[in-house]
Amino acid sequence: MTGPTSLVIVGAGGHGRETLDVVEAVNDHAPATWRFEGFLANNADTDLLVARGAELIGSSADLAAILAARSWSFHLGIGSGDARAQLDRAVPAEHRDAAAVLIHPAATVGSRVRLAPGVFLAAGARVTTNVTLGRHTHLNVNAVVSHDCVIGECVTLSPGVHVNGSVEIGDRAFLGAGAVVLPGRRVGVGTTIGAGAVVVDDVPDGVTAKGVPARW
């Protein structure tokens, strides 16, 4: 039998510590899945890490060297999709597949779902059928992606986001808490959808859309 896979989390802020919660929940459900080695972060509240029994073992700039020296997996536990994309570009090509997919045991994943390396599903996240989630895309608590959606890379769905069927969301888009995207709509690359907004029309790249209905 093989032992647990060593894992380092990049980012030790609130989202990084939530990521550790998911790692621990996975291990509670399936013991010895992961061996958490520590955090890599440029800034961290060490008191909060000590309270979790976790260590800060380096900065985010150390990731490439660690991956080259050790057979570890990594996860980008950072809330900003732009920051995740920047860090991912620094990962050597031969180590890109070492990005761990983390799925909380209380999340659900349906049929014909394609999860790229680095995907994160928090507790209560729901992904139904025939959905694609790109690299380092994060679904926070109780976020829902329905059938036949294509979600790009480094997308962030905040708590309680509802993405209805046949939606396309571009790379690095950010959807605020409680946002709703109606069926068949497109959200552009690098676009921000405000908390509680309802997307009833296609939203272009690089804008901020707010309100009900969402306007930019």
# chains A, B, ... in the order shown; residues from 1 in each chain; ligands from 1
call {"tool": "select_by_dssp", "arguments": {"residues": "region 2-216 of chain A", "states": "strand (DSSP E or B)", "output": "PyMOL selection string"}}
result
chain A and resi 5-10+34-40+56-58+73-76+99+102-103+108-109+114-115+120-121+126-127+132-133+138-139+144-145+150-151+156-157+162-163+168-169+174-175+180-181+186-187+192-193+198-199+203+208-210+215
call {"tool": "residues_around", "arguments": {"residues": "Phe39 (chain A)", "least_positions_apart": "3", "cutoff": "6 Å", "atoms": "only C-alpha atoms", "output": "list in words"}}
result
Val8, Ile9, Val10, Leu56 and Ile57 of chain A
call {"tool": "write_last_selection", "arguments": {"atoms": "C-alpha atoms", "output": "PDB file, in the first residue's frame"}}
result
ATOM      1  CA  VAL A   8       1.926  22.031   0.538  1.00  0.00           C
ATOM      2  CA  ILE A   9      -0.609  24.876   0.487  1.00  0.00           C
ATOM      3  CA  VAL A  10       0.460  28.152  -1.085  1.00  0.00           C
ATOM      4  CA  LEU A  56       5.079  28.243   7.611  1.00  0.00           C
ATOM      5  CA  ILE A  57       7.854  26.494   5.678  1.00  0.00           C
TER       6      ILE A  57
END
call {"tool": "residues_around", "arguments": {"residues": "region 194-206 of chain A", "least_positions_apart": "4", "cutoff": "8 Å", "atoms": "only C-alpha atoms", "output": "JSON, numbers by chain"}}
result
{"A": [170, 175, 176, 177, 178, 179, 180, 181, 182, 185, 186, 187, 188, 189, 190, 210, 211, 212, 213, 214]}
call {"tool": "residues_around", "arguments": {"residues": "region 59-76 of chain A", "least_positions_apart": "2", "cutoff": "10 Å", "atoms": "only C-alpha atoms", "output": "MDAnalysis selection string"}}
result
chainID A and resid 5:12 15:16 19:20 34:37 39:44 56:57 78:81 83:85 87:88 90:92 94:102 117:120 136:138 154
call {"tool": "write_last_selection", "arguments": {"atoms": "C-alpha atoms", "output": "compact mmCIF listing (two decimals), in the first residue's frame"}}
result
# COMPACT_ATOMS: atom_id res chain seq x y z
CA THR A 5 0.76 12.16 -0.56
CA SER A 6 2.73 15.11 0.76
CA LEU A 7 0.95 18.40 0.15
CA VAL A 8 1.93 22.03 0.54
CA ILE A 9 -0.61 24.88 0.49
CA VAL A 10 0.46 28.15 -1.08
CA GLY A 11 -1.20 30.98 0.83
CA ALA A 12 -1.84 31.10 4.56
CA HIS A 15 -8.72 31.01 2.24
CA GLY A 16 -5.52 29.06 2.78
CA THR A 19 -8.14 24.92 2.38
CA LEU A 20 -6.44 23.13 5.28
CA TRP A 34 -2.75 13.68 2.42
CA ARG A 35 0.26 14.47 4.59
CA PHE A 36 0.17 18.23 5.06
CA GLU A 37 3.73 19.54 5.07
CA PHE A 39 2.21 26.57 4.15
CA LEU A 40 4.16 28.69 1.70
CA ALA A 41 3.22 32.34 2.08
CA ASN A 42 4.72 35.80 1.85
CA ASN A 43 2.63 37.10 4.73
CA ALA A 44 1.01 35.03 7.44
CA LEU A 56 5.08 28.24 7.61
CA ILE A 57 7.85 26.49 5.68
CA ILE A 78 -5.36 31.98 -2.42
CA GLY A 79 -8.67 33.75 -2.97
CA SER A 80 -7.57 35.92 -5.90
CA GLY A 81 -7.84 34.22 -9.27
CA ALA A 83 -2.81 35.72 -8.04
CA ARG A 84 -3.43 32.02 -8.63
CA ALA A 85 -2.86 32.49 -12.36
CA LEU A 87 1.69 31.66 -9.37
CA ASP A 88 0.65 28.89 -11.75
CA ALA A 90 5.77 30.12 -12.39
CA VAL A 91 5.30 26.36 -11.95
CA PRO A 92 7.64 24.41 -14.26
CA GLU A 94 6.88 19.13 -15.70
CA HIS A 95 5.24 19.82 -12.32
CA ARG A 96 1.95 21.39 -13.39
CA ASP A 97 0.06 18.13 -12.88
CA ALA A 98 1.19 18.08 -9.24
CA ALA A 99 -1.59 20.59 -8.48
CA ALA A 100 -3.94 18.72 -6.15
CA VAL A 101 -7.69 18.58 -6.64
CA LEU A 102 -9.33 19.06 -3.23
CA PRO A 117 -5.54 20.12 -11.64
CA GLY A 118 -5.88 22.48 -8.70
CA VAL A 119 -9.69 22.58 -8.54
CA PHE A 120 -11.12 23.28 -5.06
CA HIS A 136 -7.19 26.25 -10.05
CA THR A 137 -10.89 27.12 -10.18
CA HIS A 138 -12.39 27.41 -6.71
CA CYS A 154 -8.58 30.42 -11.94
call {"tool": "select_by_dssp", "arguments": {"residues": "chain A", "states": "helix (DSSP H, G or I)", "output": "PyMOL selection string"}}
result
chain A and resi 14-29+46-51+60-69+81-89+93-98
call {"tool": "atom_distance", "arguments": {"atom1": "CA of Gly124 (chain A)", "atom2": "CA of Val150 (chain A)"}}
result
19.9 Å
call {"tool": "closest_residue", "arguments": {"among": "A:Asp148, A:Leu139, A:Gly14, A:Ala122", "to": "Val26 (chain A)", "atoms": "only C-alpha atoms"}}
result
A:Ala122
call {"tool": "atom_distance", "arguments": {"atom1": "CA of Ala106 (chain A)", "atom2": "CA of Ala123 (chain A)"}}
result
5.0 Å
call {"tool": "atom_distance", "arguments": {"atom1": "CA of Arg17 (chain A)", "atom2": "CA of Leu115 (chain A)"}}
result
22.0 Å
call {"tool": "closest_residue", "arguments": {"among": "A:Gly110, A:Pro31, A:Pro159, A:Gly58", "to": "Gly3 (chain A)", "atoms": "only C-alpha atoms"}}
result
A:Pro31
call {"tool": "closest_residue", "arguments": {"among": "A:Thr46, A:Arg112, A:Thr2, A:Pro105", "to": "Ala30 (chain A)", "atoms": "only C-alpha atoms"}}
result
A:Pro105
call {"tool": "closest_atom_pairs", "arguments": {"of": "region 109-166 of chain A", "to": "region 171-174 of chain A", "cutoff": "8 Å", "atoms": "only C-alpha atoms", "output": "tab-separated table"}}
result
residue	atom	partner	partner_atom	distance
A:Ile151	CA	A:Asp171	CA	7.5
A:Gly152	CA	A:Asp171	CA	4.4
A:Glu153	CA	A:Asp171	CA	4.6
A:Cys154	CA	A:Arg172	CA	4.8
A:Val155	CA	A:Arg172	CA	4.5
A:Thr156	CA	A:Phe174	CA	4.8
A:Leu157	CA	A:Phe174	CA	6.3
A:Ser158	CA	A:Phe174	CA	7.8
call {"tool": "closest_residue", "arguments": {"among": "A:Thr192, A:Ala25, A:Gly53, A:Arg89", "to": "Arg135 (chain A)", "atoms": "only C-alpha atoms"}}
result
A:Arg89
